[in-house]
Every structure is written in C-alpha cells, then in structure tokens.
file target.cif (mmCIF, C-alpha atoms)
data_run
loop_
_atom_site.group_PDB
_atom_site.id
_atom_site.type_symbol
_atom_site.label_atom_id
_atom_site.label_comp_id
_atom_site.auth_asym_id
_atom_site.auth_seq_id
_atom_site.Cartn_x
_atom_site.Cartn_y
_atom_site.Cartn_z
ATOM 1 C CA MET A 22 -8.068 21.577 -25.415
ATOM 2 C CA ALA A 23 -7.830 18.126 -23.788
ATOM 3 C CA GLY A 24 -5.994 19.477 -20.721
ATOM 4 C CA TYR A 25 -8.450 22.351 -20.459
ATOM 5 C CA ALA A 26 -11.486 20.043 -20.380
ATOM 6 C CA ASN A 27 -9.847 17.571 -17.968
ATOM 7 C CA GLU A 28 -8.938 20.339 -15.558
ATOM 8 C CA HIS A 29 -12.404 21.882 -15.659
ATOM 9 C CA ILE A 30 -13.988 18.490 -15.047
ATOM 10 C CA MET A 31 -11.587 17.923 -12.148
ATOM 11 C CA TYR A 32 -12.300 21.324 -10.574
ATOM 12 C CA THR A 33 -16.029 20.737 -10.947
ATOM 13 C CA MET A 34 -15.698 17.341 -9.264
ATOM 14 C CA GLU A 35 -13.649 18.871 -6.435
ATOM 15 C CA ARG A 36 -16.325 21.530 -5.854
ATOM 16 C CA LEU A 37 -19.047 18.889 -5.830
ATOM 17 C CA MET A 38 -17.068 16.730 -3.362
ATOM 18 C CA CYS A 39 -17.096 19.676 -0.922
ATOM 19 C CA SER A 40 -20.867 19.841 -0.907
ATOM 20 C CA LYS A 41 -22.030 16.300 -1.622
ATOM 21 C CA PRO A 42 -20.943 12.764 -0.640
ATOM 22 C CA LEU A 43 -18.733 11.248 -3.331
ATOM 23 C CA ASP A 44 -21.003 8.206 -3.704
ATOM 24 C CA ASP A 45 -23.886 10.503 -4.685
ATOM 25 C CA ILE A 46 -22.065 12.465 -7.408
ATOM 26 C CA THR A 47 -23.018 11.532 -10.958
ATOM 27 C CA VAL A 48 -21.811 12.507 -14.405
ATOM 28 C CA LYS A 49 -25.085 14.419 -14.729
ATOM 29 C CA ASP A 50 -24.107 16.484 -11.650
ATOM 30 C CA ILE A 51 -20.667 17.252 -13.100
ATOM 31 C CA VAL A 52 -22.132 18.326 -16.436
ATOM 32 C CA ALA A 53 -24.795 20.468 -14.734
ATOM 33 C CA ALA A 54 -22.231 22.213 -12.509
ATOM 34 C CA GLY A 55 -19.388 22.617 -14.990
ATOM 35 C CA PRO A 56 -18.514 24.104 -18.345
ATOM 36 C CA VAL A 57 -18.477 20.797 -20.279
ATOM 37 C CA ASN A 58 -21.239 18.708 -21.735
ATOM 38 C CA ARG A 59 -21.877 14.970 -21.340
ATOM 39 C CA LYS A 60 -20.228 14.121 -24.671
ATOM 40 C CA THR A 61 -17.050 15.988 -23.660
ATOM 41 C CA PHE A 62 -16.977 14.239 -20.290
ATOM 42 C CA TYR A 63 -17.207 10.804 -21.907
ATOM 43 C CA PHE A 64 -14.670 11.768 -24.538
ATOM 44 C CA HIS A 65 -12.116 12.251 -21.747
ATOM 45 C CA PHE A 66 -13.266 9.730 -19.118
ATOM 46 C CA HIS A 67 -15.103 6.405 -19.170
ATOM 47 C CA GLY A 68 -16.949 7.317 -16.004
ATOM 48 C CA ILE A 69 -16.556 8.612 -12.454
ATOM 49 C CA GLU A 70 -13.998 5.895 -11.515
ATOM 50 C CA ASP A 71 -11.822 6.857 -14.466
ATOM 51 C CA LEU A 72 -12.025 10.533 -13.491
ATOM 52 C CA LEU A 73 -11.098 9.742 -9.870
ATOM 53 C CA LYS A 74 -8.075 7.678 -10.943
ATOM 54 C CA TRP A 75 -6.940 10.542 -13.171
ATOM 55 C CA MET A 76 -7.397 13.002 -10.305
ATOM 56 C CA ALA A 77 -5.360 10.727 -8.016
ATOM 57 C CA SER A 78 -2.623 10.460 -10.640
ATOM 58 C CA GLN A 79 -2.449 14.259 -10.868
ATOM 59 C CA ARG A 80 -1.846 14.443 -7.113
ATOM 60 C CA MET A 81 0.900 11.816 -7.348
ATOM 61 C CA SER A 82 2.485 12.796 -10.653
ATOM 62 C CA ASN A 83 5.805 14.009 -9.220
ATOM 63 C CA LEU A 84 6.593 10.833 -7.294
ATOM 64 C CA SER A 85 9.749 8.985 -8.266
ATOM 65 C CA VAL A 86 10.472 5.431 -7.151
ATOM 66 C CA SER A 87 13.652 5.053 -9.123
ATOM 67 C CA GLY A 88 16.630 3.703 -7.204
ATOM 68 C CA VAL A 89 14.908 2.974 -3.884
ATOM 69 C CA ASN A 90 17.094 0.916 -1.525
ATOM 70 C CA SER A 91 17.620 0.482 2.211
ATOM 71 C CA LYS A 92 19.636 3.693 2.467
ATOM 72 C CA ASN A 93 17.084 5.992 0.793
ATOM 73 C CA TRP A 94 13.905 3.964 1.524
ATOM 74 C CA LYS A 95 12.708 6.370 4.200
ATOM 75 C CA GLU A 96 13.378 9.459 2.090
ATOM 76 C CA LYS A 97 11.617 8.017 -0.991
ATOM 77 C CA THR A 98 8.645 6.778 1.045
ATOM 78 C CA SER A 99 8.413 10.172 2.744
ATOM 79 C CA VAL A 100 7.691 11.807 -0.626
ATOM 80 C CA LEU A 101 4.780 9.406 -1.147
ATOM 81 C CA LEU A 102 3.360 9.962 2.343
ATOM 82 C CA ASP A 103 3.696 13.736 2.030
ATOM 83 C CA ALA A 104 1.687 13.663 -1.232
ATOM 84 C CA LEU A 105 -1.004 11.549 0.421
ATOM 85 C CA GLU A 106 -1.087 13.722 3.551
ATOM 86 C CA GLU A 107 -1.348 16.941 1.504
ATOM 87 C CA ASN A 108 -4.401 15.445 -0.220
ATOM 88 C CA LYS A 109 -5.770 13.459 2.710
ATOM 89 C CA GLU A 110 -9.378 14.647 2.382
ATOM 90 C CA PHE A 111 -9.429 13.607 -1.274
ATOM 91 C CA PHE A 112 -7.829 10.195 -0.707
ATOM 92 C CA CYS A 113 -9.894 9.574 2.430
ATOM 93 C CA ALA A 114 -13.082 10.272 0.462
ATOM 94 C CA LEU A 115 -11.938 7.863 -2.262
ATOM 95 C CA LEU A 116 -11.063 5.040 0.118
ATOM 96 C CA ASN A 117 -14.329 5.457 2.022
ATOM 97 C CA SER A 118 -16.493 5.459 -1.111
ATOM 98 C CA LYS A 119 -18.072 2.849 -3.359
ATOM 99 C CA TYR A 120 -15.026 3.351 -5.609
ATOM 100 C CA SER A 121 -12.620 2.135 -2.919
ATOM 101 C CA SER A 122 -11.801 -1.237 -4.496
ATOM 102 C CA GLU A 123 -10.868 0.331 -7.829
ATOM 103 C CA ILE A 124 -8.915 3.131 -6.152
ATOM 104 C CA THR A 125 -7.195 0.607 -3.865
ATOM 105 C CA ARG A 126 -6.036 -1.340 -6.937
ATOM 106 C CA TYR A 127 -4.821 1.884 -8.525
ATOM 107 C CA LEU A 128 -2.908 3.103 -5.441
ATOM 108 C CA SER A 129 -1.467 -0.359 -4.796
ATOM 109 C CA GLY A 130 -0.273 -0.360 -8.410
ATOM 110 C CA LYS A 131 1.469 2.976 -7.799
ATOM 111 C CA LEU A 132 3.210 1.540 -4.724
ATOM 112 C CA LYS A 133 4.115 -1.755 -6.438
ATOM 113 C CA PRO A 134 7.275 -0.647 -8.307
ATOM 114 C CA HIS A 135 8.483 1.188 -5.179
ATOM 115 C CA ILE A 136 8.249 -1.956 -3.025
ATOM 116 C CA GLU A 137 9.546 -4.270 -5.738
ATOM 117 C CA GLU A 138 12.652 -2.163 -6.299
ATOM 118 C CA PHE A 139 13.201 -1.854 -2.555
ATOM 119 C CA VAL A 140 13.126 -5.648 -2.101
ATOM 120 C CA ARG A 141 15.374 -6.274 -5.137
ATOM 121 C CA ASN A 142 17.932 -3.702 -4.004
ATOM 122 C CA CYS A 143 17.901 -5.018 -0.436
ATOM 123 C CA ALA A 144 18.555 -8.508 -1.859
ATOM 124 C CA ARG A 145 21.549 -7.094 -3.759
ATOM 125 C CA GLU A 146 22.808 -5.352 -0.623
ATOM 126 C CA THR A 147 22.482 -8.617 1.316
ATOM 127 C CA GLU A 148 24.431 -10.501 -1.338
ATOM 128 C CA GLU A 149 27.171 -7.852 -1.305
ATOM 129 C CA ALA A 150 27.399 -7.933 2.519
ATOM 130 C CA ARG A 151 27.604 -11.715 2.690
ATOM 131 C CA GLY A 152 29.804 -12.023 -0.413
ATOM 132 C CA ALA A 153 27.588 -14.778 -1.775
ATOM 133 C CA PRO A 154 24.325 -15.024 -3.715
ATOM 134 C CA LEU A 155 21.038 -15.560 -1.907
ATOM 135 C CA HIS A 156 19.795 -18.185 -4.384
ATOM 136 C CA LEU A 157 16.183 -17.097 -4.041
ATOM 137 C CA ARG A 158 13.720 -18.739 -6.390
ATOM 138 C CA LYS A 159 11.349 -16.502 -8.312
ATOM 139 C CA GLU A 160 8.346 -17.592 -6.234
ATOM 140 C CA GLN A 161 10.241 -16.860 -2.998
ATOM 141 C CA PHE A 162 10.975 -13.355 -4.177
ATOM 142 C CA SER A 163 7.281 -13.016 -5.072
ATOM 143 C CA TYR A 164 6.229 -14.035 -1.555
ATOM 144 C CA ILE A 165 8.574 -11.485 0.016
ATOM 145 C CA TYR A 166 7.523 -8.748 -2.370
ATOM 146 C CA GLU A 167 3.782 -9.438 -1.935
ATOM 147 C CA TYR A 168 4.172 -9.529 1.856
ATOM 148 C CA TYR A 169 5.777 -6.093 1.959
ATOM 149 C CA LEU A 170 3.491 -4.615 -0.707
ATOM 150 C CA ASN A 171 0.320 -5.760 1.037
ATOM 151 C CA GLY A 172 1.601 -4.893 4.497
ATOM 152 C CA VAL A 173 2.806 -1.400 3.617
ATOM 153 C CA PHE A 174 -0.250 -0.647 1.480
ATOM 154 C CA SER A 175 -2.613 -1.836 4.212
ATOM 155 C CA LEU A 176 -0.911 0.436 6.748
ATOM 156 C CA ILE A 177 -1.010 3.410 4.366
ATOM 157 C CA SER A 178 -4.644 2.756 3.491
ATOM 158 C CA ASN A 179 -5.638 2.600 7.185
ATOM 159 C CA TRP A 180 -3.637 5.760 7.870
ATOM 160 C CA ILE A 181 -5.471 7.631 5.100
ATOM 161 C CA GLN A 182 -8.900 6.323 6.124
ATOM 162 C CA SER A 183 -8.283 7.484 9.687
ATOM 163 C CA GLY A 184 -7.591 10.995 8.395
ATOM 164 C CA CYS A 185 -3.787 10.730 8.735
ATOM 165 C CA LYS A 186 -3.961 10.959 12.538
ATOM 166 C CA GLU A 187 -0.216 10.645 12.981
ATOM 167 C CA PRO A 188 1.961 13.192 11.194
ATOM 168 C CA ALA A 189 3.638 11.737 8.095
ATOM 169 C CA ASP A 190 7.055 11.672 9.814
ATOM 170 C CA THR A 191 5.729 9.681 12.780
ATOM 171 C CA PHE A 192 3.871 7.275 10.535
ATOM 172 C CA LEU A 193 6.958 6.905 8.344
ATOM 173 C CA ASP A 194 8.956 5.748 11.391
ATOM 174 C CA ILE A 195 6.375 3.005 11.966
ATOM 175 C CA ILE A 196 6.596 1.811 8.351
ATOM 176 C CA ASP A 197 10.376 2.051 8.415
ATOM 177 C CA ASN A 198 10.625 -0.100 11.553
ATOM 178 C CA LEU A 199 8.339 -2.723 10.029
ATOM 179 C CA THR A 200 10.139 -2.868 6.683
ATOM 180 C CA LYS A 201 13.761 -1.824 6.618
ATOM 181 C CA ASN A 202 14.442 -3.326 10.019
ATOM 182 C CA THR A 203 13.030 -6.716 8.960
ATOM 183 C CA ILE A 204 13.792 -7.129 5.259
ATOM 184 C CA PHE A 205 17.360 -8.388 5.680
ATOM 185 C CA ASN A 206 16.298 -11.076 8.172
ATOM 186 C CA VAL A 207 13.522 -12.169 5.817
ATOM 187 C CA LEU A 208 15.890 -12.414 2.861
ATOM 188 C CA GLU A 209 18.400 -14.433 4.890
ATOM 189 C CA ALA A 210 15.664 -16.754 6.181
ATOM 190 C CA PHE A 211 14.395 -17.480 2.670
ATOM 191 C CA SER A 212 17.940 -18.003 1.429
ATOM 192 C CA ALA A 213 18.622 -20.483 4.251
ATOM 193 C CA SER A 214 15.475 -22.419 3.351
ATOM 194 C CA THR A 215 16.765 -22.981 -0.198
ATOM 195 C CA GLY A 216 20.318 -23.896 0.851
#
call {"tool": "encode", "arguments": {"input": "target.cif", "output": "structure tokens"}}
result
Amino acid sequence: MAGYANEHIMYTMERLMCSKPLDDITVKDIVAAGPVNRKTFYFHFHGIEDLLKWMASQRMSNLSVSGVNSKNWKEKTSVLLDALEENKEFFCALLNSKYSSEITRYLSGKLKPHIEEFVRNCARETEEARGAPLHLRKEQFSYIYEYYLNGVFSLISNWIQSGCKEPADTFLDIIDNLTKNTIFNVLEAFSASTG
C-alpha cells in the first residue's frame, strides 16, 4: 500500500506541476486533485520538500557511483547527466523554486560519493604511476574533494537551470576537461607542498 500511495501522490504532483508553478502547489492542492487524503499524505511525507526529494530520488535510483576512476569517470558521469537531462523540466522546476536550497543539498549529496571516490581513485592512480605515496593530509584531501564537488555541482546546476542547452555529451566534455584533465596536476601540487 505504501508504494501505491507514494506513486499516486507523485503522479498528482506531476500533473499539478504541468498546470501550476511549483511554488504555488500546496498539500491541500495535492489532496484535492488526487486519490489520497491529508492524513495519508503526511503519513508518507513530511511536506512538499520531502515529496520532491523522494521524486528526485526515484528519477536517480538506478545511478551507480561504485568504482569511479579516471578511466571510467566520463562513462559514470554520463549516466548521471543522462538521468538529469531526461528529467530536465522536473529538475529545472526544482532548482528554480523556493525549494532550491533543500534540493541543491540533496543533489549535491547524491554527487558527493561520486566525486569523493573519483578523487581517491585518482590519488591511488597517481601513487601507482609515481611509485611513491602522495603523503596528502586529510585536510588537503578535503580541499581537493570540496573543490571538485562544488565546481562540478555548480556546473551541473547551471546546466539544468538553463534547460540543458548543450546536449549531455557536449556538456560532459566540458566537465571532463575541467576535472580529469586537471586532477593529477592538483594532486601532485598538493603532494609537493607537503614534501
């Protein structure tokens, strides 16, 4: 029954988003337009933000970040961009709404393990190539990771808010040039500063 109610609430919200600005949709609107009552809505969701995060998670549920490294970075990131592009109207509405800060935190959290694993694996690849450890301190790794997370997420967020003007493949080349082509120099520079 839980899945049934969630899906009906989601479909009702999607229908309402086609006819009304997201910022104007209320729980009262969802209940009036759908097959569930207010009590059922609040049993499943704490509010509109909670519903929107769940809807976003449904659109991104098949994404896997496991094992991302410099060799498969583009392929793994492509899966993420394709999911966002397929649902660009939905994500654009979210990022241009009063819920944008909460949704930004949610989407950034989804990207976080992807970027973190990428940076860690690139550090391992660098160590293997040089035959010596990088000797990065924890806070140095954090700076590198935060730099790439915030940079990549900012680019993706702007791409979505602009309606995904560039095709995902073209946009992916931009991200790839700004990340994979710089990460090894960044790791070496930080390692040199600790040596």
call {"tool": "residues_around", "arguments": {"input": "target.cif", "residues": "A:Ser183", "least_positions_apart": "5", "cutoff": "12 Å", "atoms": "only C-alpha atoms", "output": "list in words"}}
result
Glu106, Lys109, Glu110, Phe112, Cys113, Ala114, Leu116, Asn117, Leu176, Ile177, Ser178 and Pro188 of chain A
call {"tool": "closest_residue", "arguments": {"input": "target.cif", "among": "A:Leu115, A:Met31, A:Val57, A:Leu208", "to": "A:Arg151", "atoms": "only C-alpha atoms"}}
result
A:Leu208
call {"tool": "closest_residue", "arguments": {"input": "target.cif", "among": "A:Thr147, A:Asn179, A:Asn171, A:Gln161", "to": "A:Lys133", "atoms": "all atoms listed in the file"}}
result
A:Asn171
call {"tool": "resolve_selection", "arguments": {"input": "target.cif", "expression": "the PyMOL selection byres ((chain A and resi 65) around 8)", "output": "PyMOL selection string"}}
result
chain A and resi 23+26-27+61-64+66-67
call {"tool": "closest_residue", "arguments": {"input": "target.cif", "among": "A:Asn206, A:Asn58, A:Thr125, A:Thr200", "to": "A:Thr98", "atoms": "only C-alpha atoms"}}
result
A:Thr200
call {"tool": "closest_residue", "arguments": {"input": "target.cif", "among": "A:Lys49, A:Arg141, A:Lys74, A:Lys201", "to": "A:Lys159", "atoms": "all atoms listed in the file"}}
result
A:Arg141
call {"tool": "closest_residue", "arguments": {"input": "target.cif", "among": "A:Ser212, A:Gln182, A:Thr203, A:Ser175", "to": "A:Ala153", "atoms": "all atoms listed in the file"}}
result
A:Ser212
call {"tool": "atom_distance", "arguments": {"input": "target.cif", "atom1": "atom CA of A:Lys95", "atom2": "atom CA of A:Ile196"}}
result
8.7 Å
call {"tool": "closest_residue", "arguments": {"input": "target.cif", "among": "A:Pro56, A:Gly152, A:Pro42, A:Gly172", "to": "A:Ile136", "atoms": "only C-alpha atoms"}}
result
A:Gly172
call {"tool": "build_atoms", "arguments": {"input": "target.cif", "residues": "stretch 175-186 of chain A", "atoms": "all heavy atoms", "output": "JSON list (two decimals), keeping the file's coordinate frame"}}
result
[["chain", "number", "residue", "atom", "x", "y", "z"],
["A", 175, "SER", "N", -1.55, -1.76, 3.21],
["A", 175, "SER", "CA", -2.61, -1.84, 4.21],
["A", 175, "SER", "C", -2.43, -0.77, 5.30],
["A", 175, "SER", "O", -3.39, -0.10, 5.70],
["A", 175, "SER", "CB", -2.62, -3.23, 4.84],
["A", 175, "SER", "OG", -3.61, -3.32, 5.84],
["A", 176, "LEU", "N", -1.19, -0.60, 5.75],
["A", 176, "LEU", "CA", -0.91, 0.44, 6.75],
["A", 176, "LEU", "C", -1.22, 1.83, 6.20],
["A", 176, "LEU", "O", -1.85, 2.64, 6.89],
["A", 176, "LEU", "CB", 0.55, 0.37, 7.18],
["A", 176, "LEU", "CG", 0.95, -0.81, 8.05],
["A", 176, "LEU", "CD1", 2.46, -0.86, 8.22],
["A", 176, "LEU", "CD2", 0.27, -0.75, 9.41],
["A", 177, "ILE", "N", -0.77, 2.10, 4.97],
["A", 177, "ILE", "CA", -1.01, 3.41, 4.37],
["A", 177, "ILE", "C", -2.50, 3.65, 4.18],
["A", 177, "ILE", "O", -3.02, 4.73, 4.48],
["A", 177, "ILE", "CB", -0.25, 3.55, 3.04],
["A", 177, "ILE", "CG1", 1.26, 3.64, 3.31],
["A", 177, "ILE", "CG2", -0.72, 4.76, 2.25],
["A", 177, "ILE", "CD1", 2.13, 3.60, 2.07],
["A", 178, "SER", "N", -3.21, 2.64, 3.71],
["A", 178, "SER", "CA", -4.64, 2.76, 3.49],
["A", 178, "SER", "C", -5.37, 3.06, 4.80],
["A", 178, "SER", "O", -6.23, 3.95, 4.87],
["A", 178, "SER", "CB", -5.15, 1.45, 2.87],
["A", 178, "SER", "OG", -6.49, 1.55, 2.54],
["A", 179, "ASN", "N", -5.02, 2.34, 5.87],
["A", 179, "ASN", "CA", -5.64, 2.60, 7.18],
["A", 179, "ASN", "C", -5.30, 3.99, 7.69],
["A", 179, "ASN", "O", -6.14, 4.67, 8.29],
["A", 179, "ASN", "CB", -5.19, 1.54, 8.20],
["A", 179, "ASN", "CG", -5.79, 0.19, 7.92],
["A", 179, "ASN", "OD1", -6.82, 0.08, 7.28],
["A", 179, "ASN", "ND2", -5.14, -0.85, 8.39],
["A", 180, "TRP", "N", -4.07, 4.42, 7.45],
["A", 180, "TRP", "CA", -3.64, 5.76, 7.87],
["A", 180, "TRP", "C", -4.46, 6.84, 7.16],
["A", 180, "TRP", "O", -4.93, 7.79, 7.78],
["A", 180, "TRP", "CB", -2.15, 5.91, 7.57],
["A", 180, "TRP", "CG", -1.54, 7.23, 7.91],
["A", 180, "TRP", "CD1", -1.37, 7.79, 9.14],
["A", 180, "TRP", "CD2", -0.95, 8.16, 6.99],
["A", 180, "TRP", "NE1", -0.73, 9.00, 9.05],
["A", 180, "TRP", "CE2", -0.45, 9.25, 7.73],
["A", 180, "TRP", "CE3", -0.78, 8.16, 5.61],
["A", 180, "TRP", "CZ2", 0.18, 10.34, 7.14],
["A", 180, "TRP", "CZ3", -0.15, 9.23, 5.02],
["A", 180, "TRP", "CH2", 0.32, 10.32, 5.79],
["A", 181, "ILE", "N", -4.67, 6.66, 5.87],
["A", 181, "ILE", "CA", -5.47, 7.63, 5.10],
["A", 181, "ILE", "C", -6.91, 7.62, 5.58],
["A", 181, "ILE", "O", -7.51, 8.67, 5.82],
["A", 181, "ILE", "CB", -5.41, 7.33, 3.59],
["A", 181, "ILE", "CG1", -4.00, 7.54, 3.06],
["A", 181, "ILE", "CG2", -6.40, 8.20, 2.82],
["A", 181, "ILE", "CD1", -3.79, 6.99, 1.65],
["A", 182, "GLN", "N", -7.50, 6.42, 5.72],
["A", 182, "GLN", "CA", -8.90, 6.32, 6.12],
["A", 182, "GLN", "C", -9.15, 6.89, 7.52],
["A", 182, "GLN", "O", -10.26, 7.34, 7.81],
["A", 182, "GLN", "CB", -9.37, 4.87, 6.04],
["A", 182, "GLN", "CG", -9.56, 4.43, 4.60],
["A", 182, "GLN", "CD", -9.94, 2.98, 4.49],
["A", 182, "GLN", "OE1", -9.28, 2.11, 5.04],
["A", 182, "GLN", "NE2", -11.02, 2.71, 3.77],
["A", 183, "SER", "N", -8.12, 6.90, 8.35],
["A", 183, "SER", "CA", -8.28, 7.48, 9.69],
["A", 183, "SER", "C", -8.04, 8.99, 9.68],
["A", 183, "SER", "O", -8.04, 9.62, 10.73],
["A", 183, "SER", "CB", -7.32, 6.81, 10.67],
["A", 183, "SER", "OG", -5.99, 7.24, 10.43],
["A", 184, "GLY", "N", -7.81, 9.56, 8.50],
["A", 184, "GLY", "CA", -7.59, 11.00, 8.40],
["A", 184, "GLY", "C", -6.16, 11.40, 8.68],
["A", 184, "GLY", "O", -5.91, 12.53, 9.07],
["A", 185, "CYS", "N", -5.22, 10.47, 8.51],
["A", 185, "CYS", "CA", -3.79, 10.73, 8.74],
["A", 185, "CYS", "C", -3.57, 11.27, 10.15],
["A", 185, "CYS", "O", -2.98, 12.33, 10.34],
["A", 185, "CYS", "CB", -3.22, 11.68, 7.68],
["A", 185, "CYS", "SG", -3.47, 11.15, 5.98],
["A", 186, "LYS", "N", -4.06, 10.52, 11.14],
["A", 186, "LYS", "CA", -3.96, 10.96, 12.54],
["A", 186, "LYS", "C", -2.53, 11.30, 12.94],
["A", 186, "LYS", "O", -2.29, 12.34, 13.53],
["A", 186, "LYS", "CB", -4.51, 9.88, 13.48],
["A", 186, "LYS", "CG", -5.99, 9.79, 13.54],
["A", 186, "LYS", "CD", -6.39, 8.78, 14.59],
["A", 186, "LYS", "CE", -7.72, 8.16, 14.27],
["A", 186, "LYS", "NZ", -8.03, 7.04, 15.15]]
